[in-house]
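**Student:** One structure coming up, written as structure tokens, with questions to follow.
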Amino acid sequence: MVKNNRLLPVDKVLIIYTLFTGLILIIGSVKELNNPLPHFLARIVVITFILFISQIKNEKVTSNLFFKLVRYFYPLALLASIYKETGYLNNVFFDFFDPFFADLEFKIFHFQPSLVFSHSFSWQWFSELMYMGYFSFYLIVFGLVFLVYLKNEKDGIKVMALIMISFFTYYLVFIFLPVKGPQFYFSPEELNLSGQGFFYGLVRLAQEVGETQTGAFPSSHVGVSFISLVLSYRYAHKVFPLILFLCMFLWPATVYIQAHYLIDVIAGFITAPFVLEFSYFVERKLSA
């Protein structure tokens, strides 16, 4: 049983990330970021909530199932808003690098994979399969954390921290290396991506709610799903084949739905092992 009356590694890393991006927010405010006040207030709310919930000691409260779900899984509920904020902060230091990445993509492959892939394989069933793969990212990440937690509470809390540290690492890259991706860089005529079906609708809904012009390079969908795959092998090996199966559709789908350049995907694979090792290092330091 994990004692509740202390800050967990995931609490600490969330506070650190919140404060660090707060400094970026201050710098951006000097550079006339539009309406920064809500972002400052959100930081006060988040840090206050973490400090409050970590100090609750009443056993009747801390043993309650609802409290446990809130206590250990609240970071997942914050991910969408934290990711979206990278689109608010990602031009504080640099403008978008899409012209460079799109040109590099063409020089390497002599065409634009994000445009050609979807145009060449436009069948309805294939499109829906790709959207299913892309949507499975949320099932992979959230499902893995819950399954490991149900199996072993301490391992679940550790996996939560590793996943969140990985996300935050990529998010900081997005802020300092802003690339918005093909879906925002190319014209609607060039994209010409259409679809229909259940998973197409789910992905479009998720994008309308949480997507913004940020987060293309490297692909965190590829990086974090690869990290989740490794963690599933270590902590919940029975679901490893299922996650691997889903990843086989998720990885190409990132290019197919034009969310990423192909080089974003390659960079996701290259960076994932280093991000995972960095996450382990940070988790150990924060657990001490």
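Just so we're on the same page: first chain in the structure tokens is A, next is B, and so on; residues restart at 1 for each chain, and ligands are numbered from 1 in the order they show up.
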Can you pull out every residue within 12 Å of Asp155 (chain A), counting only C-alpha atoms, but drop anything in the same chain fewer than 2 positions away, and send it as a compact mmCIF listing (two decimals) with N, CA and C atoms, in the first residue's frame?

**Tutor:**
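Result file follows (out-v8.txt):
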# COMPACT_ATOMS: atom_id res chain seq x y z
N MET A 1 0.85 -1.19 0.00
CA MET A 1 0.00 0.00 0.00
C MET A 1 0.89 1.24 0.00
N VAL A 2 0.64 2.16 -0.94
CA VAL A 2 1.43 3.38 -1.03
C VAL A 2 0.88 4.43 -0.09
N TYR A 72 -4.32 9.02 -8.02
CA TYR A 72 -3.26 8.42 -8.81
C TYR A 72 -3.37 8.67 -10.31
N LEU A 144 -2.76 0.92 -20.41
CA LEU A 144 -1.57 0.32 -19.79
C LEU A 144 -1.42 0.77 -18.35
N VAL A 145 -1.58 2.05 -18.10
CA VAL A 145 -1.43 2.57 -16.73
C VAL A 145 -2.43 1.92 -15.79
N PHE A 146 -3.68 1.82 -16.22
CA PHE A 146 -4.72 1.22 -15.38
C PHE A 146 -4.46 -0.27 -15.15
N LEU A 147 -4.07 -0.99 -16.19
CA LEU A 147 -3.83 -2.43 -16.05
C LEU A 147 -2.67 -2.73 -15.12
N VAL A 148 -1.60 -1.98 -15.25
CA VAL A 148 -0.44 -2.19 -14.36
C VAL A 148 -0.82 -1.85 -12.92
N TYR A 149 -1.59 -0.77 -12.75
CA TYR A 149 -2.02 -0.39 -11.40
C TYR A 149 -2.88 -1.48 -10.76
N LEU A 150 -3.79 -2.07 -11.53
CA LEU A 150 -4.64 -3.14 -11.01
C LEU A 150 -3.82 -4.37 -10.63
N LYS A 151 -2.76 -4.59 -11.36
CA LYS A 151 -1.89 -5.73 -11.10
C LYS A 151 -1.01 -5.49 -9.88
N ASN A 152 -0.45 -4.29 -9.80
CA ASN A 152 0.45 -3.95 -8.70
C ASN A 152 0.45 -2.44 -8.52
N GLU A 153 -0.01 -1.98 -7.36
CA GLU A 153 -0.19 -0.54 -7.14
C GLU A 153 1.10 0.24 -7.30
N ILE A 157 1.91 3.15 -10.16
CA ILE A 157 2.31 4.52 -9.86
C ILE A 157 3.63 4.86 -10.54
N LYS A 158 4.52 3.87 -10.62
CA LYS A 158 5.80 4.08 -11.30
C LYS A 158 5.61 4.25 -12.79
N VAL A 159 4.79 3.41 -13.38
CA VAL A 159 4.54 3.51 -14.82
C VAL A 159 3.87 4.84 -15.15
N MET A 160 2.95 5.27 -14.30
CA MET A 160 2.32 6.58 -14.48
C MET A 160 3.39 7.67 -14.54
N ALA A 161 4.33 7.64 -13.61
CA ALA A 161 5.39 8.65 -13.58
C ALA A 161 6.25 8.59 -14.84
N LEU A 162 6.60 7.39 -15.27
CA LEU A 162 7.45 7.23 -16.46
C LEU A 162 6.74 7.76 -17.70
N LEU A 231 7.25 -0.75 -21.71
CA LEU A 231 6.77 -0.86 -20.34
C LEU A 231 5.77 -1.99 -20.18
N SER A 232 4.97 -2.25 -21.20
CA SER A 232 4.02 -3.37 -21.13
C SER A 232 4.78 -4.69 -21.05
N ARG A 234 7.63 -5.12 -19.65
CA ARG A 234 8.28 -5.20 -18.34
C ARG A 234 7.28 -5.37 -17.20
N TYR A 235 6.11 -4.75 -17.33
CA TYR A 235 5.20 -4.70 -16.19
C TYR A 235 3.84 -5.38 -16.42
N ALA A 236 3.50 -5.65 -17.68
CA ALA A 236 2.21 -6.29 -17.98
C ALA A 236 2.35 -7.08 -19.28

**Student:** Taking 4 positions as the minimum chain separation for residues in the same chain, which residues sit within 8 Å of region 268-271 of chain A when counting only C-alpha atoms? Answer as a VMD selection string.

**Tutor:** chain A and resid 217 to 223 226 264 275

**Student:** Using only C-alpha atoms, can you tell me which of A:Phe199, A:Thr212, A:Arg43, A:Glu283 comes closest to Phe126 (chain A)?

**Tutor:** A:Phe199

**Student:** Give me the residues within 9 Å of Ile243 (chain A) as a ChimeraX atom specification, counting only C-alpha atoms and dropping any in the same chain fewer than 6 places off.

**Tutor:** /A:136,140,144,225,228-229,232

**Student:** Store the residues of this selection in a file with C-alpha atoms, as a PDB file, in the first residue's frame.

**Tutor:**
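Everything below was put into result.pdb:
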ATOM      1  CA  SER A 136      -5.678   3.366 -30.286  1.00  0.00           C
ATOM      2  CA  ILE A 140      -2.629   2.069 -25.257  1.00  0.00           C
ATOM      3  CA  LEU A 144      -1.568   0.319 -19.791  1.00  0.00           C
ATOM      4  CA  SER A 225       3.525   4.325 -27.797  1.00  0.00           C
ATOM      5  CA  SER A 228       4.375   2.042 -23.585  1.00  0.00           C
ATOM      6  CA  LEU A 229       5.182  -1.077 -25.570  1.00  0.00           C
ATOM      7  CA  SER A 232       4.024  -3.368 -21.127  1.00  0.00           C
TER       8      SER A 232
END

**Student:** Need the shell around region 91-104 of chain A: protein/DNA/RNA residues with any atom at most 7 Å away, counting only C-alpha atoms. Skip same-chain ones fewer than 4 positions apart. Format as a PyMOL selection string?

**Tutor:** chain A and resi 28+108+176+178-181+185

**Student:** For a quick check of understanding, using only C-alpha atoms, which of A:Ile47, A:Ala77, A:Ile175, A:Met132 has the smallest distance to Thr254 (chain A)?

**Tutor:**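 Answer, going by the shortest atom-to-atom distance: A:Met132.
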
**Student:** For Phe167 (chain A), which residue out of A:Ser54, A:Thr62, A:Leu76, A:Arg71 is the nearest one, using only C-alpha atoms?

**Tutor:**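 That would be A:Leu76, the residue with the smallest distance to Phe167 (chain A).
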
**Student:** Counting only C-alpha atoms, which residues of region 169-197 of chain A fall within 7 Å of region 111-124 of chain A, and what is the closest atom pair for each with its distance in Å at one decimal, ordered by chain and rising number, as a tab-separated table?

**Tutor:**
residue	atom	partner	partner_atom	distance
A:Pro182	CA	A:Ser114	CA	6.9
A:Leu191	CA	A:Leu115	CA	6.2
A:Gly195	CA	A:Gln124	CA	7.0

**Student:** How would the residues just picked look written out with N, CA and C atoms as a PDB file, in the first residue's frame?

**Tutor:**
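Generated file (out29.pdb):
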ATOM      1  N   PRO A 182       2.086  18.444 -41.318  1.00  0.00           N
ATOM      2  CA  PRO A 182       1.472  18.592 -42.651  1.00  0.00           C
ATOM      3  C   PRO A 182       0.044  19.102 -42.617  1.00  0.00           C
ATOM      4  N   LEU A 191      -3.830  18.642 -49.195  1.00  0.00           N
ATOM      5  CA  LEU A 191      -4.154  17.592 -48.228  1.00  0.00           C
ATOM      6  C   LEU A 191      -5.238  16.671 -48.791  1.00  0.00           C
ATOM      7  N   GLY A 195     -12.756  11.180 -45.176  1.00  0.00           N
ATOM      8  CA  GLY A 195     -13.027   9.861 -44.611  1.00  0.00           C
ATOM      9  C   GLY A 195     -14.389   9.837 -43.971  1.00  0.00           C
TER      10      GLY A 195
END

**Student:** Nearest residue to Leu244 (chain A) out of A:Ile227, A:Ala206, A:Glu85, A:Ser166, using only C-alpha atoms?

**Tutor:**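 For Leu244 (chain A), the nearest of the given residues is A:Ile227.
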
**Student:** Based on DSSP run over this structure's backbone, return all residues of region 83-268 of chain A in alpha helix (DSSP H), as a PyMOL selection string.

**Tutor:** chain A and resi 83-89+98-109+113-120+124-151+153-176+182-185+188-191+198-210+220-235+240-256+262-268

**Student:** Give me, please, the distance in Å between CA of Phe249 (chain A) and CA of Leu79 (chain A), quoted to one decimal.

**Tutor:** 22.8 Å

**Student:** Which residue gives the smallest distance to Ile53 (chain A) among A:Val282, A:Leu41, A:Ile165, A:Leu8, with only C-alpha atoms counted?

**Tutor:**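 Of A:Val282, A:Leu41, A:Ile165, A:Leu8, the one nearest Ile53 (chain A) is A:Leu8, counting only C-alpha atoms.
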
**Student:** Could you work out how far CA of Asn192 (chain A) lies from CA of Asn90 (chain A), giving the answer in Å with one decimal?

**Tutor:**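 Computing it gives 26.8 Å between the two atoms.
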
**Student:** List as an NGL selection string the protein and nucleic acid residues near Phe40 (chain A), meaning an atom at most 12 Å away when only C-alpha atoms are counted, but skip any in the same chain fewer than 2 places from it.

**Tutor:** :A and (18-26 or 28-29 or 35-38 or 42-47 or 85)

**Student:** If you count only C-alpha atoms, which residues fall within 12 Å of Ile50 (chain A), apart from same-chain ones fewer than 5 positions away, as number ranges by chain?

**Tutor:** A: 4-16, 18, 43-45, 55-56, 70-75

**Student:** Could those residues be written to a file, using C-alpha atoms, as an mmCIF file, in the first residue's frame?

**Tutor:**
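New file part-v8.cif:
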data_model
loop_
_atom_site.group_PDB
_atom_site.id
_atom_site.type_symbol
_atom_site.label_atom_id
_atom_site.label_comp_id
_atom_site.auth_asym_id
_atom_site.auth_seq_id
_atom_site.Cartn_x
_atom_site.Cartn_y
_atom_site.Cartn_z
ATOM 1 C CA ASN A 4 -0.710 9.003 0.422
ATOM 2 C CA ASN A 5 0.627 11.761 2.675
ATOM 3 C CA ARG A 6 3.597 12.547 0.492
ATOM 4 C CA LEU A 7 4.341 13.837 -2.961
ATOM 5 C CA LEU A 8 4.704 11.065 -5.496
ATOM 6 C CA PRO A 9 7.286 11.296 -8.296
ATOM 7 C CA VAL A 10 4.519 12.138 -10.780
ATOM 8 C CA ASP A 11 3.350 14.962 -8.475
ATOM 9 C CA LYS A 12 6.860 16.372 -8.295
ATOM 10 C CA VAL A 13 7.505 16.210 -12.024
ATOM 11 C CA LEU A 14 4.170 17.881 -12.727
ATOM 12 C CA ILE A 15 5.034 20.708 -10.323
ATOM 13 C CA ILE A 16 8.487 21.075 -11.907
ATOM 14 C CA THR A 18 4.346 23.626 -14.348
ATOM 15 C CA ARG A 43 -0.710 26.899 -12.593
ATOM 16 C CA ILE A 44 -1.800 28.119 -9.183
ATOM 17 C CA VAL A 45 -4.826 25.807 -9.281
ATOM 18 C CA GLN A 55 -1.512 15.720 2.300
ATOM 19 C CA ILE A 56 -4.850 14.029 2.957
ATOM 20 C CA VAL A 70 -8.439 10.848 -8.512
ATOM 21 C CA ARG A 71 -5.214 10.674 -6.487
ATOM 22 C CA TYR A 72 -3.256 8.422 -8.811
ATOM 23 C CA PHE A 73 -4.754 9.148 -12.229
ATOM 24 C CA TYR A 74 -5.453 12.889 -12.195
ATOM 25 C CA PRO A 75 -2.349 13.597 -14.369
#
